[in-house]
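Written out below as structure tokens is the structure these notes cover.
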Protein chains: 4
Amino acid sequence: MTEQHDPIQAQLIEARRNQILDAATQVFAEKCFARATIKEIARVAGIADGTIYIYFKNKNELMLGLMHRLNQSEQRADDFAQAGEQPMEGFSAAYFRQRLQFMGSQMSAFQAVLQEVLGNEELRTEYFAKIIEPTFAIAEPYFQKLIDEGSLRTFEPALITRVITSTALGLLMLQMLGDKVVEEKQEVLPDVIFEILFHGLASRRET
Amino acid sequence: MTEQHDPIQAQLIEARRNQILDAATQVFAEKCFARATIKEIARVAGIADGTIYIYFKNKNELMLGLMHRLNQSEQRADDFAQAGEQPMEGFSAAYFRQRLQFMGSQMSAFQAVLQEVLGNEELRTEYFAKIIEPTFAIAEPYFQKLIDEGSLRTFEPALITRVITSTALGLLMLQMLGDKVVEEKQEVLPDVIFEILFHGLASRRET
Amino acid sequence: MTEQHDPIQAQLIEARRNQILDAATQVFAEKCFARATIKEIARVAGIADGTIYIYFKNKNELMLGLMHRLNQSEQRADDFAQAGEQPMEGFSAAYFRQRLQFMGSQMSAFQAVLQEVLGNEELRTEYFAKIIEPTFAIAEPYFQKLIDEGSLRTFEPALITRVITSTALGLLMLQMLGDKVVEEKQEVLPDVIFEILFHGLASRRET
Amino acid sequence: MTEQHDPIQAQLIEARRNQILDAATQVFAEKCFARATIKEIARVAGIADGTIYIYFKNKNELMLGLMHRLNQSEQRADDFAQAGEQPMEGFSAAYFRQRLQFMGSQMSAFQAVLQEVLGNEELRTEYFAKIIEPTFAIAEPYFQKLIDEGSLRTFEPALITRVITSTALGLLMLQMLGDKVVEEKQEVLPDVIFEILFHGLASRRET
DNA sequence: GATGAATGAGGGTTCATTCAT
DNA sequence: GATGAATGAACCCTCATTCAT
């Protein structure tokens with residue numbers, strides 16, 4: 001009957017999906033995936049329960065959709081690959097700051113995803129394989145190069161990525177847990193962390 | 001006639017509680033709090049559903065009991081306060097290693113608690129106020145002293161605690177997410193992290 | 001687009017509520033409130049368990065809904081206030097007969113309510129304050145007037161209402177308990193009771 | 001092993017049964033049969049849950065035991081059969097007053113029994129057949145005699161018993177429902193009721 | 001006999017999902 | 001496509017009853 005307005009149709013569908021995912025993000029972050037109800041997500045999105053099932057097969061697909069969208073915007077925000085030939089410290093510091101800012105800006109979504117990922121074996125595996133591991137895979141050669149250049153001390157690149165990721169991830173967790181200091185200092189924290197990770201806490205004279 | 005079973009009784013009750021909490025820890029870590037069922041916890045504990053309700057008022061109290069027990073064993077394992085006059089680096093490294101080992105050994109419990117804490121406003125507040133914040137309160141003066149002594153560079157102690165905690169917490173998260181490298185290297189990681197946090201990633205010549 | 005279903009919708013909702021209340025009345029009367037199960041009420045109503053919870057918040061609200069409906073139909077059936085200037089005996093006898101007939105016709109509902117009210121402190125207080133006491137408040141001035149007119153002997157109106165109400169309530173109880181005589185004679189009983197209450201059991205000569 | 005101290009043993013058993021029934025009466029009246037728990041009855045009786053099952057087969061037998069005991073004490077208090085040759089009005093008034101007083105004194109037990117009887121088909125039948133009907137059977141010939149003597153107007157004795165019983169039962173119900181007037185006037189109410197039932201509410205001149 | 005921990009069937013309630021409108 | 005009433009599976013929890021001590 002209705003002709004296929006492919007591009008317009010697709011945009012409408014995309015808009016609806018985003019509307020629903022926004023509502024889901026909000027409700028998941030407030031209440032966690034399991035306690036969130038379709039009814040409430042629909043209410044927040046301003047649509048009827050049943051409508052959600054036109055755009056997502058089931059509640060789980062909502063979470064996957066959310067993860068997927070988060071991942072996409074992450075990649076969009078991410079210019080790691082374009083490290084190019086910038087001076088190491090400058091690039092690294094800028095990248096690190098940008099990364100933390102992005103995570104902070106998407107905190108609700110990260111909280112919803114992490115929350116569920118921690119308690120969902122299947123999702124956990126997928127999340128790690130599709131999102132975290134690829135980041136490592138991109139970063140490790142970069143650190144290897146820096147070591148080879150003599151910019152960095154000799155640690156296994158795999159360990160370097162873990163330590164840096166840990167710090168960022170842990171900071172995000174502290175923020176989610178409501179730590180006031182992290183929240184108040186979010187402007188300076190990326191630089192402080194970068195400084196500590198690169199030059200250490202210890203004063204030089206005692207080295 | 002009947003023996004005084006106060007002490008014996010108490011021990012039996014404690015044993016049952018632990019048996020149930022062990023089962024709960026396992027099931028919560030596998031399936032998350034919300035998806036875990038009393039039926040399965042009972043099955044894992046090898047008892048009947050109803051028995052759980054003799055020892056815990058409801059499912060929520062199971063989680064609180066688990067948090068409480070984790071907190072207690074944490075305090076028992078913790079000798080931070082006894083830092084005494086040991087050389088800074090030695091003590092710090094040892095403490096850091098011990099802390100990470102403890103967290104690793106209790107990973108399931110931490111996973112269950114973190115998982116739920118992330119998705120439960122009320123629990124989150126309580127967890128942060130009762131467990132995380134006190135740790136900061138103990139550690140900050142220690143770092144202040146080290147700064148005053150000139151052992152550490154001048155950062156706000158509050159930020160130092162956040163960065164260190166973040167790294168530990170993030171590492172735990174990575175392990176929970178199934179990172180193979182973290183698991184394989186858990187012997188050396190505490191030392192690597194300590195080394196990086198204290199002396200930095202950057203090679204010295206470029207300072 | 002969608003029709004304005006406010007009025008239609010409201011009627012449908014009312015019909016469903018009544019359908020459920022009818023089923024509840026039947027099951028409560030058979031089995032008492034506490035032993036009645038939502039499953040059976042749903043079965044009798046010909047709907048699914050969950051549907052009941054769309055129309056009533058919980059099982060208790062079913063009982064309150066039932067009480068409320070009974071009270072409403074009672075008020076509708078009640079024209080006491082319209083006693084007007086009819087001759088006392090005629091009006092009283094007619095009213096008394098109508099009242100007993102109404103109670104008999106709603107016996108199941110009364111049985112369900114009385115049953116629960118007897119075993120539920122809170123409901124008891126509410127039922128008495130909202131339903132029984134107001135009836136007394138309406139009736140007492142009427143009897144006072146009859147006494148003042150010299151139609152009735154001098155008893156405290158409060159006591160008269162209690163005695164009459166007792167007789168009606170007790171008769172209802174006997175019927176609920178399965179008394180065959182009350183059931184068979186329900187046609188004449190109102191008149192017999194009225195006759196006894198107004199002119200006494202005793203033969204005149206011996207007065 | 002233990003010799004059979006039949007009489008002493010029996011007395012101990014009877015005492016225990018009464019202790020339990022007293023507790024049951026109290027808890028049933030407060031909470032109704034269905035909501036009363038064995039645990040609470042045991043607590044009120046000052047014994048362990050399991051002990052109740054030594055003296056009563058199950059919870060239902062508690063109710064039957066209570067009914068039975070109530071019935072026995074009723075019969076003990078009842079000297080209807082001994083009507084003898086006393087003057088009709090004197091005896092009747094005295095009997096009626098005594099009956100109402102007994103019911104008032106045992107109100108808790110009656111409330112528990114009536115409550116449950118209203119909602120329990122099986123019990124209802126038994127209660128009516130064993131307790132109420134026999135009373136009718138005893139009273140009816142008595143009223144027949146009074147009619148034959150010319151002391152009472154000519155009503156079917158079966159109806160007279162129903163009306164009188166209704167009034168008493170209804171009065172008990174009003175008291176159970178918490179009517180303040182009935183409670184305050186319990187001293188005079190038996191006489192008022194008797195007066196109304198025998199000589200009517202209507203003033204004589206209008207006869 | 002007395003105890004009370006243990007059992008597990010059963011009930012109230014929630015909520016993801018479906019489907020007639 | 002959109003709706004939201006209806007469904008019923010599944011969960012938490014209670015409590016009568018049993019039985020080893």
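Here, A, B, ... name the chains of the structure tokens in the order displayed, residue numbers run from 1 inside each chain, and ligands are numbered from 1 in the same displayed order.
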Test item: residues at most 7 Å from stretch 139-156 of chain A, only C-alpha atoms (C1' of nucleotides), excluding those fewer than 2 positions along its chain, as an MDAnalysis selection string = (chainID A and resid 135:137 158:161) or (chainID B and resid 201:203 206)
Residues just named, written with C-alpha atoms as a PDB file, in the first residue's frame:
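Listing of out_34.pdb after writing:
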ATOM      1  CA  THR A 135      40.475  -0.287  22.107  1.00  0.00           C
ATOM      2  CA  PHE A 136      43.378  -2.225  23.528  1.00  0.00           C
ATOM      3  CA  ALA A 137      44.200  -3.530  20.094  1.00  0.00           C
ATOM      4  CA  ALA A 158      49.350  -4.791  27.170  1.00  0.00           C
ATOM      5  CA  LEU A 159      49.946  -3.856  30.771  1.00  0.00           C
ATOM      6  CA  ILE A 160      50.172  -0.164  30.023  1.00  0.00           C
ATOM      7  CA  THR A 161      46.798  -0.211  28.317  1.00  0.00           C
TER       8      THR A 161
ATOM      9  CA  LEU B 201      55.393   5.734  32.489  1.00  0.00           C
ATOM     10  CA  ALA B 202      57.641   8.277  30.924  1.00  0.00           C
ATOM     11  CA  SER B 203      61.293   7.507  30.497  1.00  0.00           C
ATOM     12  CA  GLU B 206      62.817  13.045  28.418  1.00  0.00           C
TER      13      GLU B 206
END
Counting only C-alpha atoms (C1' of nucleotides), which residues of chain E come no farther than 7 Å from chain D, as number ranges by chain?
-> E: 2-4
Interatomic distance, atom CA of C:Phe33 to atom CA of C:Glu116 (Å, one decimal) | 6.3 Å
Tell me as a short mmCIF file (atom, residue, chain, number, x, y, z; two decimals) with C-alpha atoms (C1' of nucleotides), in the first residue's frame which residues belonging to chain F come within 8 Å of chain C, counting only C-alpha atoms (C1' of nucleotides).
data_model
loop_
_atom_site.label_atom_id
_atom_site.label_comp_id
_atom_site.auth_asym_id
_atom_site.auth_seq_id
_atom_site.Cartn_x
_atom_site.Cartn_y
_atom_site.Cartn_z
"C1'" DA F 6 -5.18 -8.61 28.62
"C1'" DT F 7 -2.34 -12.45 29.53
"C1'" DG F 8 0.10 -15.80 32.43
#
Which of these, D:Cys32, D:Leu12, D:His199, D:Ile20, has the shortest distance to D:Leu118 once you count only C-alpha atoms?
-> D:Cys32
List every residue of chain B that DSSP, applied to the backbone, labels as alpha helix (DSSP H), and write the result as a PyMOL selection string.
-> chain B and resi 6-35+38-45+49-55+59-77+88-105+107-118+121-127+133-149+157-176+180-184+189-199
Identify all chain C residues at most 8 Å from chain D by counting only C-alpha atoms; ligands do not count. Present them as a ChimeraX atom specification.
-> /C:28-35,111-112,115-121,124-125,128,150-153,158-159,162-171,173-174,176-179,181-182,189,192-193,196-204,206
Excluding same-chain residues fewer than 5 positions from C:Phe102, what lies within 12 Å of it counting only C-alpha atoms (C1' of nucleotides), as a PyMOL selection string?
-> chain C and resi 70-71+73-78+95-97+107-110+168+172+186+190
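Of note, atom CA of B:Gln11 and atom C1' of E:DA5 are spaced 14.3 Å apart.
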